[in-house]
Amino acid sequence: MKFYVLEPEKGMLFGTKWAYADQVDPVLRSEEGERCPVCGGFVTPLKWLPPRRVKLSSAKPEKWGDFVWGAGFLLLVSDRFKAVYEKEGLTGITAFLPVEVVRVGTRKTGDLPPGLPTYYLIEIVWDGANQDDRASKVVRKREPRCAYCRVGGGRLRQEGIILEEGSWTGADIFEARGAPVRVIVSERFKEVVERYGLKNAWFIPAEKFAWDEHRPGLWYILD
């Protein structure tokens with residue numbers, strides 16, 4: 001099985017080809033995130049609570065992707081993606097949480113163009129696999145506080161994301177313990193997205209995804 005890091009197309013989180021989302025006040029957060037079952041420490045950011053309202057950066061329909069990225073949340077997906085996900089029996093998303101689009105581009109609040117997709121904030125499995133740190137050539141400043149979740153430790157660099165054999169739970173979209181990214185997907189997830197022509201997804205082979213704290217942007221693709 002091959003695995004991929006899911007990123008916005010060509011890594012352009014705030015690019016112009018596809019609309020991105022900005023959270024609109026009030027932005028409310030839970031008091032706690034998900035905790036490691038071993039050490040009890042937080043392993044995910046605080047959850048975004050209702051009202052979940054966003055502004056899209058463009059009012060042009062051709063820029064409304066099926067995957068919408070931004071700061072302060074994991075990932076928004078369209079109602080089209082949700083239907084495909086359910087039809088194809090993909091797994092790993094634990095919640096589709098409705099998001100209200102209140103503005104698009106420079107349009108005033110409430111002046112929304114027709115055909116605007118319904119978007120959802122997704123939550124995904126945290127412990128969907130375990131990164132093999134040795135095979136991934138991880139170098140840290142110090143040992144993490146917990147060998148299970150490996151939060152902290154001051155990652156310096158690594159060359160590829162290699163999952164420990166036998167650790168994958170079978171989820172098609174998930175977070176992997178120890179990995180420097182939040183969204184990893186299966187080969188089947190990639191095939192479904194490409195077959196249906198879902199927009200604004202870039203699939204980077206996990207074994208090619210490298211991270212270095214001294215490089216601009218931190219992550220890069222191995223030759």
# chains A, B, ... in the order shown; residues from 1 in each chain; ligands from 1

$ residues_around --residues "Glu62 of chain A" --least-positions-apart "3" --cutoff "12 Å" --atoms "only C-alpha atoms" --output "MDAnalysis selection string"
chainID A and resid 16:19 58:59 65:66 115:117 199:200

$ write_last_selection --atoms "N, CA and C atoms" --output "mmCIF file, in the first residue's frame"
data_model
loop_
_atom_site.group_PDB
_atom_site.id
_atom_site.type_symbol
_atom_site.label_atom_id
_atom_site.label_comp_id
_atom_site.auth_asym_id
_atom_site.auth_seq_id
_atom_site.Cartn_x
_atom_site.Cartn_y
_atom_site.Cartn_z
ATOM 1 N N THR A 16 -3.849 31.896 -5.702
ATOM 2 C CA THR A 16 -4.944 32.553 -6.419
ATOM 3 C C THR A 16 -5.712 31.600 -7.332
ATOM 4 N N LYS A 17 -5.175 30.404 -7.597
ATOM 5 C CA LYS A 17 -5.885 29.477 -8.486
ATOM 6 C C LYS A 17 -7.154 28.952 -7.825
ATOM 7 N N TRP A 18 -7.074 28.678 -6.523
ATOM 8 C CA TRP A 18 -8.208 28.157 -5.778
ATOM 9 C C TRP A 18 -8.515 29.066 -4.600
ATOM 10 N N ALA A 19 -9.789 29.168 -4.258
ATOM 11 C CA ALA A 19 -10.184 29.976 -3.106
ATOM 12 C C ALA A 19 -9.713 29.319 -1.821
ATOM 13 N N SER A 58 -12.438 34.130 -3.015
ATOM 14 C CA SER A 58 -12.864 34.455 -4.374
ATOM 15 C C SER A 58 -14.347 34.172 -4.557
ATOM 16 N N ALA A 59 -14.999 35.029 -5.367
ATOM 17 C CA ALA A 59 -16.408 34.840 -5.715
ATOM 18 C C ALA A 59 -16.558 34.148 -7.064
ATOM 19 N N GLY A 65 -12.917 25.103 -4.821
ATOM 20 C CA GLY A 65 -12.440 23.727 -4.836
ATOM 21 C C GLY A 65 -13.294 22.804 -3.988
ATOM 22 N N ASP A 66 -13.053 21.501 -4.155
ATOM 23 C CA ASP A 66 -13.689 20.514 -3.287
ATOM 24 C C ASP A 66 -12.929 20.364 -1.976
ATOM 25 N N GLY A 115 -25.060 28.664 -6.651
ATOM 26 C CA GLY A 115 -24.193 27.528 -6.918
ATOM 27 C C GLY A 115 -23.062 27.340 -5.931
ATOM 28 N N LEU A 116 -23.010 28.161 -4.900
ATOM 29 C CA LEU A 116 -21.946 28.038 -3.908
ATOM 30 C C LEU A 116 -22.078 26.697 -3.185
ATOM 31 N N PRO A 117 -21.016 25.882 -3.151
ATOM 32 C CA PRO A 117 -21.111 24.579 -2.471
ATOM 33 C C PRO A 117 -21.378 24.737 -0.976
ATOM 34 N N LYS A 199 -11.395 18.793 -6.869
ATOM 35 C CA LYS A 199 -10.447 19.882 -7.116
ATOM 36 C C LYS A 199 -9.685 20.349 -5.880
ATOM 37 N N ASN A 200 -8.458 20.749 -6.127
ATOM 38 C CA ASN A 200 -7.538 21.361 -5.162
ATOM 39 C C ASN A 200 -6.939 20.355 -4.193
#

$ residues_around --residues "segment 54-56 of chain A" --least-positions-apart "3" --cutoff "9 Å" --atoms "only C-alpha atoms" --output "ChimeraX atom specification"
/A:19-25,59,64,68,99-105

$ closest_residue --among "A:Pro144, A:Gly70, A:Gly92, A:Gly178" --to "Phe14 of chain A" --atoms "only C-alpha atoms"
A:Gly70

$ closest_residue --among "A:Gly89, A:Pro98, A:Gly110, A:Gly153" --to "Ala171 of chain A" --atoms "only C-alpha atoms"
A:Gly89

$ select_by_dssp --residues "segment 153-214 of chain A" --states "strand (DSSP E)" --output "number ranges by chain"
A: 155-159, 173-177, 184-186, 202-205, 209-212

$ closest_atom_pairs --of "segment 41-122 of chain A" --to "segment 183-196 of chain A" --cutoff "9 Å" --atoms "only C-alpha atoms" --output "JSON lines"
{"residue": "A:Leu74", "atom": "CA", "partner": "A:Val183", "partner_atom": "CA", "distance": 8.4}
{"residue": "A:Phe81", "atom": "CA", "partner": "A:Val193", "partner_atom": "CA", "distance": 8.2}
{"residue": "A:Val84", "atom": "CA", "partner": "A:Tyr196", "partner_atom": "CA", "distance": 7.9}
{"residue": "A:Tyr85", "atom": "CA", "partner": "A:Val192", "partner_atom": "CA", "distance": 8.3}
{"residue": "A:Glu88", "atom": "CA", "partner": "A:Val192", "partner_atom": "CA", "distance": 7.7}
{"residue": "A:Leu90", "atom": "CA", "partner": "A:Phe189", "partner_atom": "CA", "distance": 7.0}
{"residue": "A:Thr91", "atom": "CA", "partner": "A:Phe189", "partner_atom": "CA", "distance": 8.9}

$ select_by_dssp --residues "segment 58-130 of chain A" --states "helix (DSSP H, G or I)" --output "JSON, numbers by chain"
{"A": [61, 62, 63, 79, 80, 81, 82, 83, 84, 85, 86, 87, 88]}

$ residues_around --residues "segment 158-161 of chain A" --least-positions-apart "6" --cutoff "12 Å" --atoms "only C-alpha atoms" --output "count of residues only"
44

$ closest_residue --among "A:Leu28, A:Ala95, A:Leu6, A:Val38" --to "Arg145 of chain A" --atoms "only C-alpha atoms"
A:Val38

$ closest_residue --among "A:Arg150, A:Arg157, A:Arg29, A:Arg53" --to "Gly41 of chain A" --atoms "only C-alpha atoms"
A:Arg150
